[in-house]
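Engineer: model32.pdb (PDB, C-alpha atoms and all ligand atoms) pasted underneath:
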MODEL        1
ATOM      1  CA  MET A   1      18.134  -5.339 -10.352
ATOM      2  CA  HIS A   2      20.259  -3.030  -8.229
ATOM      3  CA  ILE A   3      18.806  -1.453  -5.069
ATOM      4  CA  ASP A   4      20.589   1.133  -2.919
ATOM      5  CA  ILE A   5      18.965   1.974   0.405
ATOM      6  CA  VAL A   6      20.065   5.056   2.318
ATOM      7  CA  SER A   7      19.332   5.089   6.036
ATOM      8  CA  VAL A   8      20.366   6.617   9.353
ATOM      9  CA  VAL A   9      19.898   3.238  11.059
ATOM     10  CA  PRO A  10      21.129   0.701   8.500
ATOM     11  CA  GLU A  11      21.243  -2.072  11.152
ATOM     12  CA  ILE A  12      17.456  -2.348  10.980
ATOM     13  CA  LEU A  13      17.782  -3.530   7.388
ATOM     14  CA  HIS A  14      20.357  -6.273   7.890
ATOM     15  CA  SER A  15      18.012  -8.983   9.118
ATOM     16  CA  PRO A  16      15.207  -8.671   6.521
ATOM     17  CA  PHE A  17      17.684  -9.174   3.698
ATOM     18  CA  SER A  18      19.704 -11.989   5.200
ATOM     19  CA  ASN A  19      16.955 -14.585   5.235
ATOM     20  CA  SER A  20      15.021 -16.848   2.948
ATOM     21  CA  ILE A  21      13.877 -15.620  -0.463
ATOM     22  CA  ILE A  22      15.806 -12.345  -0.520
ATOM     23  CA  ARG A  23      19.054 -13.950   0.580
ATOM     24  CA  ASN A  24      18.662 -16.621  -2.114
ATOM     25  CA  ALA A  25      17.946 -13.929  -4.722
ATOM     26  CA  ILE A  26      21.111 -12.071  -3.659
ATOM     27  CA  ASN A  27      23.168 -15.274  -3.736
ATOM     28  CA  LYS A  28      21.834 -16.078  -7.207
ATOM     29  CA  LYS A  29      22.795 -12.521  -8.277
ATOM     30  CA  LEU A  30      19.236 -11.753  -9.304
ATOM     31  CA  VAL A  31      19.313  -8.662  -7.115
ATOM     32  CA  ASP A  32      22.018  -6.556  -5.594
ATOM     33  CA  ILE A  33      21.053  -4.731  -2.389
ATOM     34  CA  HIS A  34      23.343  -2.170  -0.745
ATOM     35  CA  VAL A  35      22.489  -0.400   2.482
ATOM     36  CA  HIS A  36      24.295   2.913   2.992
ATOM     37  CA  ASP A  37      24.745   4.646   6.322
ATOM     38  CA  LEU A  38      23.797   8.294   5.825
ATOM     39  CA  ARG A  39      25.940   9.234   8.815
ATOM     40  CA  GLN A  40      29.059   8.468   6.785
ATOM     41  CA  TYR A  41      28.156  11.565   4.774
ATOM     42  CA  GLY A  42      27.534  13.657   7.894
ATOM     43  CA  LEU A  43      29.068  17.080   8.467
ATOM     44  CA  GLY A  44      32.195  17.739  10.492
ATOM     45  CA  LYS A  45      33.907  15.589  13.083
ATOM     46  CA  LYS A  46      30.596  14.602  14.656
ATOM     47  CA  LYS A  47      29.166  13.543  11.282
ATOM     48  CA  LYS A  48      26.096  15.680  11.856
ATOM     49  CA  ILE A  49      23.154  14.794   9.667
ATOM     50  CA  ASP A  50      20.280  16.685  11.265
ATOM     51  CA  ASP A  51      19.403  20.151  12.527
ATOM     52  CA  TYR A  52      16.625  22.246  14.042
ATOM     53  CA  PRO A  53      13.741  23.216  11.775
ATOM     54  CA  TYR A  54      13.641  26.792  10.473
ATOM     55  CA  GLY A  55      10.623  28.593  11.854
ATOM     56  CA  GLY A  56      10.694  26.540  15.062
ATOM     57  CA  GLY A  57       8.822  23.462  16.105
ATOM     58  CA  SER A  58       9.779  20.202  17.761
ATOM     59  CA  GLY A  59      11.998  17.474  16.343
ATOM     60  CA  MET A  60      15.073  17.432  14.157
ATOM     61  CA  VAL A  61      15.237  17.549  10.375
ATOM     62  CA  ILE A  62      17.634  15.617   8.114
ATOM     63  CA  ARG A  63      19.893  18.113   6.347
ATOM     64  CA  ILE A  64      20.246  18.254   2.601
ATOM     65  CA  GLU A  65      24.069  18.061   2.326
ATOM     66  CA  PRO A  66      24.603  14.453   3.564
ATOM     67  CA  VAL A  67      21.793  13.206   1.306
ATOM     68  CA  TYR A  68      23.138  15.174  -1.672
ATOM     69  CA  GLN A  69      26.673  13.836  -1.104
ATOM     70  CA  CYS A  70      25.463  10.256  -0.772
ATOM     71  CA  PHE A  71      23.232  10.458  -3.868
ATOM     72  CA  SER A  72      26.031  12.141  -5.896
ATOM     73  CA  LYS A  73      28.336   9.244  -5.137
ATOM     74  CA  LEU A  74      25.701   6.710  -6.164
ATOM     75  CA  LEU A  75      24.716   8.677  -9.281
ATOM     76  CA  SER A  76      28.347   8.869 -10.400
ATOM     77  CA  LYS A  77      28.322   5.077 -10.780
ATOM     78  CA  ARG A  78      25.017   4.396 -12.502
ATOM     79  CA  HIS A  79      21.812   5.871 -13.820
ATOM     80  CA  TYR A  80      18.808   5.389 -11.534
ATOM     81  CA  ASP A  81      15.299   4.784 -12.845
ATOM     82  CA  GLU A  82      13.706   5.927  -9.625
ATOM     83  CA  ILE A  83      14.830   7.703  -6.452
ATOM     84  CA  ILE A  84      12.253   6.890  -3.808
ATOM     85  CA  PHE A  85      11.557   8.481  -0.451
ATOM     86  CA  MET A  86       9.665   6.384   2.118
ATOM     87  CA  THR A  87       7.113   8.585   3.865
ATOM     88  CA  PRO A  88       3.588   8.199   5.253
ATOM     89  CA  GLU A  89       2.675  11.115   2.980
ATOM     90  CA  GLY A  90       3.585   9.223  -0.205
ATOM     91  CA  ASN A  91       1.490   7.288  -2.707
ATOM     92  CA  ILE A  92       0.131   4.126  -1.118
ATOM     93  CA  PHE A  93       2.183   1.099  -2.142
ATOM     94  CA  SER A  94       0.385  -1.714  -3.955
ATOM     95  CA  GLN A  95       1.042  -4.987  -5.750
ATOM     96  CA  GLU A  96       0.581  -3.107  -9.002
ATOM     97  CA  TYR A  97       3.357  -0.675  -8.125
ATOM     98  CA  ALA A  98       5.565  -3.529  -6.867
ATOM     99  CA  LYS A  99       5.264  -5.028 -10.367
ATOM    100  CA  ILE A 100       6.224  -1.707 -11.978
ATOM    101  CA  LEU A 101       9.246  -1.328  -9.686
ATOM    102  CA  SER A 102      10.341  -4.921 -10.356
ATOM    103  CA  GLU A 103      10.824  -3.941 -14.000
ATOM    104  CA  LYS A 104      13.300  -1.143 -13.117
ATOM    105  CA  LYS A 105      17.023  -1.687 -13.327
ATOM    106  CA  ASN A 106      18.412   0.578 -10.603
ATOM    107  CA  ILE A 107      16.598   2.276  -7.747
ATOM    108  CA  ILE A 108      17.548   4.265  -4.647
ATOM    109  CA  ILE A 109      15.352   4.196  -1.550
ATOM    110  CA  LEU A 110      15.829   6.928   1.044
ATOM    111  CA  CYS A 111      14.460   6.215   4.514
ATOM    112  CA  GLY A 112      13.247   9.149   6.592
ATOM    113  CA  ARG A 113      13.797   9.537  10.365
ATOM    114  CA  TYR A 114      13.289  12.156  13.050
ATOM    115  CA  LYS A 115      10.785  14.872  12.243
ATOM    116  CA  GLY A 116      11.429  14.569   8.511
ATOM    117  CA  ILE A 117      13.831  15.617   5.797
ATOM    118  CA  ASP A 118      14.564  19.070   4.361
ATOM    119  CA  GLN A 119      11.835  19.747   1.791
ATOM    120  CA  ARG A 120      14.468  20.584  -0.855
ATOM    121  CA  ILE A 121      15.514  16.919  -0.916
ATOM    122  CA  ARG A 122      11.948  16.003  -1.804
ATOM    123  CA  ASP A 123      11.612  18.805  -4.339
ATOM    124  CA  HIS A 124      14.887  18.321  -6.192
ATOM    125  CA  LEU A 125      16.349  14.865  -5.556
ATOM    126  CA  ILE A 126      13.393  12.495  -5.169
ATOM    127  CA  SER A 127      11.335  11.095  -8.060
ATOM    128  CA  LYS A 128       8.691   9.097  -6.088
ATOM    129  CA  GLU A 129       7.301   9.118  -2.566
ATOM    130  CA  ILE A 130       5.922   5.856  -1.236
ATOM    131  CA  SER A 131       3.844   5.111   1.861
ATOM    132  CA  ILE A 132       3.078   1.577   3.005
ATOM    133  CA  GLY A 133      -0.080   2.724   4.751
ATOM    134  CA  LYS A 134      -1.770   5.483   6.640
ATOM    135  CA  TYR A 135       0.047   5.080   9.935
ATOM    136  CA  ILE A 136       3.293   6.464  11.313
ATOM    137  CA  LEU A 137       6.450   4.420  11.805
ATOM    138  CA  SER A 138       9.530   5.855  13.525
ATOM    139  CA  GLY A 139      11.404   5.729  10.239
ATOM    140  CA  GLY A 140      11.228   4.472   6.680
ATOM    141  CA  GLU A 141      13.427   1.390   7.155
ATOM    142  CA  LEU A 142      10.706  -1.172   7.843
ATOM    143  CA  ALA A 143       8.620   0.359   5.063
ATOM    144  CA  ALA A 144      11.608   0.043   2.697
ATOM    145  CA  ALA A 145      12.007  -3.612   3.704
ATOM    146  CA  VAL A 146       8.344  -4.216   2.838
ATOM    147  CA  VAL A 147       8.784  -2.617  -0.588
ATOM    148  CA  VAL A 148      12.013  -4.493  -1.329
ATOM    149  CA  GLU A 149      10.604  -7.867  -0.268
ATOM    150  CA  SER A 150       7.503  -7.475  -2.425
ATOM    151  CA  VAL A 151       9.552  -6.302  -5.426
ATOM    152  CA  VAL A 152      12.332  -8.886  -5.198
ATOM    153  CA  ARG A 153       9.942 -11.855  -5.110
ATOM    154  CA  LEU A 154       8.588 -10.697  -8.470
ATOM    155  CA  LEU A 155      11.983 -10.763 -10.204
ATOM    156  CA  PRO A 156      12.267 -13.561 -12.759
ATOM    157  CA  GLY A 157      13.952 -16.617 -11.237
ATOM    158  CA  VAL A 158      13.474 -15.600  -7.588
ATOM    159  CA  ILE A 159      10.429 -17.785  -7.011
ATOM    160  CA  LYS A 160      10.687 -21.110  -8.795
ATOM    161  CA  ASN A 161       6.979 -21.644  -9.277
ATOM    162  CA  GLN A 162       5.739 -18.588 -11.220
ATOM    163  CA  ASN A 163       2.216 -19.943 -10.866
ATOM    164  CA  SER A 164       2.525 -19.259  -7.158
ATOM    165  CA  ILE A 165       3.045 -15.550  -7.868
ATOM    166  CA  ILE A 166       0.192 -15.355 -10.327
ATOM    167  CA  THR A 167      -2.225 -16.853  -7.823
ATOM    168  CA  ASP A 168      -1.107 -14.548  -4.973
ATOM    169  CA  SER A 169      -3.676 -12.147  -3.616
ATOM    170  CA  PHE A 170      -3.640  -8.827  -5.476
ATOM    171  CA  TYR A 171      -1.607 -10.071  -8.444
ATOM    172  CA  GLN A 172      -4.534  -9.937 -10.849
ATOM    173  CA  LYS A 173      -6.732  -6.893 -10.726
ATOM    174  CA  GLU A 174      -9.960  -8.855 -11.091
ATOM    175  CA  SER A 175      -8.978 -11.297  -8.340
ATOM    176  CA  LEU A 176      -7.844  -9.111  -5.509
ATOM    177  CA  ILE A 177      -7.920 -11.712  -2.786
ATOM    178  CA  ALA A 178      -6.759 -15.295  -3.317
ATOM    179  CA  PRO A 179      -9.151 -18.119  -2.387
ATOM    180  CA  PRO A 180      -8.670 -20.112   0.850
ATOM    181  CA  ILE A 181      -6.179 -22.975   0.715
ATOM    182  CA  TYR A 182      -5.973 -26.201   2.702
ATOM    183  CA  THR A 183      -3.582 -29.090   3.210
ATOM    184  CA  ARG A 184      -3.573 -32.443   5.021
ATOM    185  CA  PRO A 185      -5.167 -33.710   7.207
ATOM    186  CA  SER A 186      -8.558 -33.431   5.531
ATOM    187  CA  LEU A 187     -10.248 -33.623   8.941
ATOM    188  CA  TYR A 188      -8.863 -32.155  12.169
ATOM    189  CA  LYS A 189     -10.828 -31.908  15.421
ATOM    190  CA  GLY A 190     -13.980 -32.172  13.350
ATOM    191  CA  TRP A 191     -12.934 -29.282  11.053
ATOM    192  CA  ALA A 192     -13.175 -30.575   7.507
ATOM    193  CA  VAL A 193     -11.609 -29.442   4.249
ATOM    194  CA  PRO A 194     -14.377 -28.573   1.727
ATOM    195  CA  GLU A 195     -15.304 -31.818   0.040
ATOM    196  CA  VAL A 196     -15.046 -30.478  -3.483
ATOM    197  CA  LEU A 197     -11.262 -30.037  -3.039
ATOM    198  CA  LEU A 198     -10.907 -33.747  -2.375
ATOM    199  CA  SER A 199     -13.067 -34.736  -5.355
ATOM    200  CA  GLY A 200     -10.321 -34.647  -7.996
ATOM    201  CA  HIS A 201     -12.859 -32.986 -10.303
ATOM    202  CA  HIS A 202     -10.794 -30.181 -11.893
ATOM    203  CA  LYS A 203     -13.675 -28.190 -13.346
ATOM    204  CA  LYS A 204     -15.652 -28.261 -10.074
ATOM    205  CA  ILE A 205     -12.525 -27.294  -8.095
ATOM    206  CA  LYS A 206     -11.786 -24.394 -10.448
ATOM    207  CA  ASP A 207     -15.378 -23.158 -10.169
ATOM    208  CA  TRP A 208     -15.216 -23.424  -6.374
ATOM    209  CA  PHE A 209     -11.992 -21.364  -6.220
ATOM    210  CA  TYR A 210     -13.558 -18.771  -8.497
ATOM    211  CA  LYS A 211     -16.732 -18.579  -6.388
ATOM    212  CA  LYS A 212     -14.715 -18.205  -3.148
ATOM    213  CA  THR A 213     -12.517 -15.509  -4.704
ATOM    214  CA  MET A 214     -15.588 -13.542  -5.746
ATOM    215  CA  GLU A 215     -17.140 -13.895  -2.282
ATOM    216  CA  LEU A 216     -13.946 -12.691  -0.590
ATOM    217  CA  ASN A 217     -13.600  -9.729  -2.905
ATOM    218  CA  LYS A 218     -17.064  -8.512  -1.954
ATOM    219  CA  ARG A 219     -15.973  -8.384   1.685
ATOM    220  CA  ASN A 220     -15.009  -5.026   3.164
ATOM    221  CA  THR A 221     -11.382  -5.409   4.265
ATOM    222  CA  ASN A 222     -11.093  -2.015   5.938
ATOM    223  CA  PHE A 223     -11.079  -1.768   9.737
TER     224      PHE A 223
HETATM  225  N1  LIG A 301       7.853   6.293   7.367
HETATM  226  C1  LIG A 301       7.109   6.421   8.489
HETATM  227  N2  LIG A 301       5.898   5.909   8.338
HETATM  228  C2  LIG A 301       5.847   5.423   7.067
HETATM  229  C3  LIG A 301       4.850   4.783   6.297
HETATM  230  N3  LIG A 301       3.644   4.526   6.789
HETATM  231  N4  LIG A 301       5.154   4.446   5.033
HETATM  232  C4  LIG A 301       6.358   4.721   4.522
HETATM  233  N5  LIG A 301       7.342   5.326   5.189
HETATM  234  C5  LIG A 301       7.095   5.677   6.460
ENDMDL
END
Do you think you could lay out the structure here as structure tokens?
Structural biologist:
Amino acid sequence: MHIDIVSVVPEILHSPFSNSIIRNAINKKLVDIHVHDLRQYGLGKKKKIDDYPYGGGSGMVIRIEPVYQCFSKLLSKRHYDEIIFMTPEGNIFSQEYAKILSEKKNIIILCGRYKGIDQRIRDHLISKEISIGKYILSGGELAAAVVVESVVRLLPGVIKNQNSIITDSFYQKESLIAPPIYTRPSLYKGWAVPEVLLSGHHKKIKDWFYKKTMELNKRNTNF
């Protein structure tokens, strides 16, 4: 999979991709992630990328030309299956959509900043708008990192134990929340691991996990 991320503050994205699972996936050439600095496509000597909004109002707006220039360069090299804009106004991201994205070959992710981006970018250059939740971040970079991390870990070969993915919360529609898990010691400060898990009785353990999953899924997880 090939992922191009376009940002005004690319530095924010260096750390999330240089650690652990994502770094291993990059090293194993299972994913290719490029972060592009939108300012490089800025206008004039000052590399201007933003301007005042027409009609007035506070805050600056990302201009269309730098985005168009950057996308044109990327599009001249490959076809993209999806060109995504990270925005709190987008469709709410989910495990289901992470799975869909993990099956794409090439995607671009544009991160917003300032007051927003010129609406014409959204109307003519973007194919999907994604939000990671109903709250406002200062820009789309951290949201993009969330999307990329959840997508990359689904790529074949990234996580050795596929069973671990299948049992993750939200992977299967009917089992939204994974059951509780425990490890050694079986007793700590009087807090015991449920006895059934120590029984070695596979059927009973499976039934217990199922029962716990069902209980957890009935819980209201909204604040
Ligand atoms: N940019 C700012 N806030 C965001 C959010 N909640 N989701 C995606 N992109 C964003």
Engineer: For region 194-207 of chain A, list every protein, DNA or RNA residue within 10 Å, evaluated using all atoms listed in the file, and leave out those in the same chain fewer than 5 positions away; present the list as a PyMOL selection string.
Structural biologist: chain A and resi 181-183+186-187+212-213
Engineer: Show which residues sit within 12 Å of Leu142 (chain A), as a list of chain:residue names. Count only C-alpha atoms, and ignore same-chain residues fewer than 5 positions away.
Structural biologist: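 The filter keeps A:Ile5, A:Ser7, A:Val9, A:Pro10, A:Glu11, A:Ile12, A:Leu13, A:His14, A:Ser15, A:Pro16, A:Phe17, A:Met86, A:Thr87, A:Ile109, A:Leu110, A:Cys111, A:Gly112, A:Arg113, A:Ser131, A:Ile132, A:Gly133, A:Ile136, A:Leu137, A:Val147, A:Val148, A:Glu149.
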Engineer: What does the distance between CA of Asp32 (chain A) and CA of Ser138 (chain A) come to in Å, to one decimal place?
Structural biologist: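 Those two atoms sit 26.0 Å apart.
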Engineer: Could you work out how far CA of Thr167 (chain A) lies from CA of Val193 (chain A), giving the answer in Å with one decimal?
Structural biologist: 19.8 Å
Engineer: Could I get the residues of region 145-167 of chain A with an atom no further than 9 Å from an atom of region 18-29 of chain A, each paired with its nearest atom pair and that distance in Å to one decimal, using only C-alpha atoms, sorted by chain and residue number, as CSV?
Structural biologist:
residue,atom,partner,partner_atom,distance
A:Val148,CA,A:Ile22,CA,8.8
A:Glu149,CA,A:Ile22,CA,6.9
A:Val152,CA,A:Ile22,CA,6.8
A:Arg153,CA,A:Ile21,CA,7.2
A:Leu155,CA,A:Ala25,CA,8.7
A:Gly157,CA,A:Ala25,CA,8.1
A:Val158,CA,A:Ala25,CA,5.6
A:Ile159,CA,A:Ile21,CA,7.7
Engineer: Report as a PyMOL selection string the residues that result from applying the PyMOL selection byres (((chain A and resi 116-124) around 10) and not hetatm) to the structure here.
Structural biologist: chain A and resi 50-51+53-54+59-65+67-68+83-85+87+111-115+125-129+139
Engineer: Please, what distance in Å, to one decimal, runs between CA of Pro185 (chain A) and CA of Thr221 (chain A)?
Structural biologist: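 Going from CA of Pro185 (chain A) over to CA of Thr221 (chain A), I get 29.1 Å.
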Engineer: Compare A:His79, A:Lys134, A:Lys104, A:Lys218 by their minimum atom-to-atom distance to ligand LIG 301 (chain A), counting all atoms listed in the file, and give me the closest one.
Structural biologist: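 With all atoms listed in the file as the atom set, the closest residue is A:Lys134.
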Engineer: Taking all listed atoms of region 26-43 of chain A, build the axis-aligned box, pad each of the six sides by 4 Å, then write its centre and edge lengths in Å to one decimal as JSON.
Structural biologist:
{"center_x": 24.2, "center_y": 0.5, "center_z": -0.2, "size_x": 17.8, "size_y": 41.2, "size_z": 26.1}
Engineer: Between A:Leu101, A:Ile49, A:Ile92, A:Leu216, which residue has the minimum interatomic distance to ligand LIG 301 (chain A), considering only C-alpha atoms and all ligand atoms?
Structural biologist: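 Using only C-alpha atoms and all ligand atoms, ligand LIG 301 (chain A) sits closest to A:Ile92.
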Engineer: Taking the file as shown, what set of residues would the PyMOL selection byres (((chain A and resi 74) around 12) and not hetatm) give back, as a list in words?
Structural biologist: His2, Ile3, Asp4, Ile5, Val6, His34, Val35, His36, Val67, Tyr68, Gln69, Cys70, Phe71, Ser72, Lys73, Leu75, Ser76, Lys77, Arg78, His79, Tyr80, Ile83, Asn106, Ile107, Ile108 and Ile109 of chain A
Engineer: Would you write out those residues with C-alpha atoms, as a PDB file, keeping the file's coordinate frame?
Structural biologist:
ATOM      1  CA  HIS A   2      20.259  -3.030  -8.229  1.00  0.00           C
ATOM      2  CA  ILE A   3      18.806  -1.453  -5.069  1.00  0.00           C
ATOM      3  CA  ASP A   4      20.589   1.133  -2.919  1.00  0.00           C
ATOM      4  CA  ILE A   5      18.965   1.974   0.405  1.00  0.00           C
ATOM      5  CA  VAL A   6      20.065   5.056   2.318  1.00  0.00           C
ATOM      6  CA  HIS A  34      23.343  -2.170  -0.745  1.00  0.00           C
ATOM      7  CA  VAL A  35      22.489  -0.400   2.482  1.00  0.00           C
ATOM      8  CA  HIS A  36      24.295   2.913   2.992  1.00  0.00           C
ATOM      9  CA  VAL A  67      21.793  13.206   1.306  1.00  0.00           C
ATOM     10  CA  TYR A  68      23.138  15.174  -1.672  1.00  0.00           C
ATOM     11  CA  GLN A  69      26.673  13.836  -1.104  1.00  0.00           C
ATOM     12  CA  CYS A  70      25.463  10.256  -0.772  1.00  0.00           C
ATOM     13  CA  PHE A  71      23.232  10.458  -3.868  1.00  0.00           C
ATOM     14  CA  SER A  72      26.031  12.141  -5.896  1.00  0.00           C
ATOM     15  CA  LYS A  73      28.336   9.244  -5.137  1.00  0.00           C
ATOM     16  CA  LEU A  75      24.716   8.677  -9.281  1.00  0.00           C
ATOM     17  CA  SER A  76      28.347   8.869 -10.400  1.00  0.00           C
ATOM     18  CA  LYS A  77      28.322   5.077 -10.780  1.00  0.00           C
ATOM     19  CA  ARG A  78      25.017   4.396 -12.502  1.00  0.00           C
ATOM     20  CA  HIS A  79      21.812   5.871 -13.820  1.00  0.00           C
ATOM     21  CA  TYR A  80      18.808   5.389 -11.534  1.00  0.00           C
ATOM     22  CA  ILE A  83      14.830   7.703  -6.452  1.00  0.00           C
ATOM     23  CA  ASN A 106      18.412   0.578 -10.603  1.00  0.00           C
ATOM     24  CA  ILE A 107      16.598   2.276  -7.747  1.00  0.00           C
ATOM     25  CA  ILE A 108      17.548   4.265  -4.647  1.00  0.00           C
ATOM     26  CA  ILE A 109      15.352   4.196  -1.550  1.00  0.00           C
TER      27      ILE A 109
END
Engineer: Rank nothing, just name the residue among A:Tyr135, A:Phe170, A:Asn91, A:Arg219 nearest to ligand LIG 301 (chain A), using all atoms listed in the file.
Structural biologist: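 Selected residue with least distance to ligand LIG 301 (chain A): A:Tyr135.
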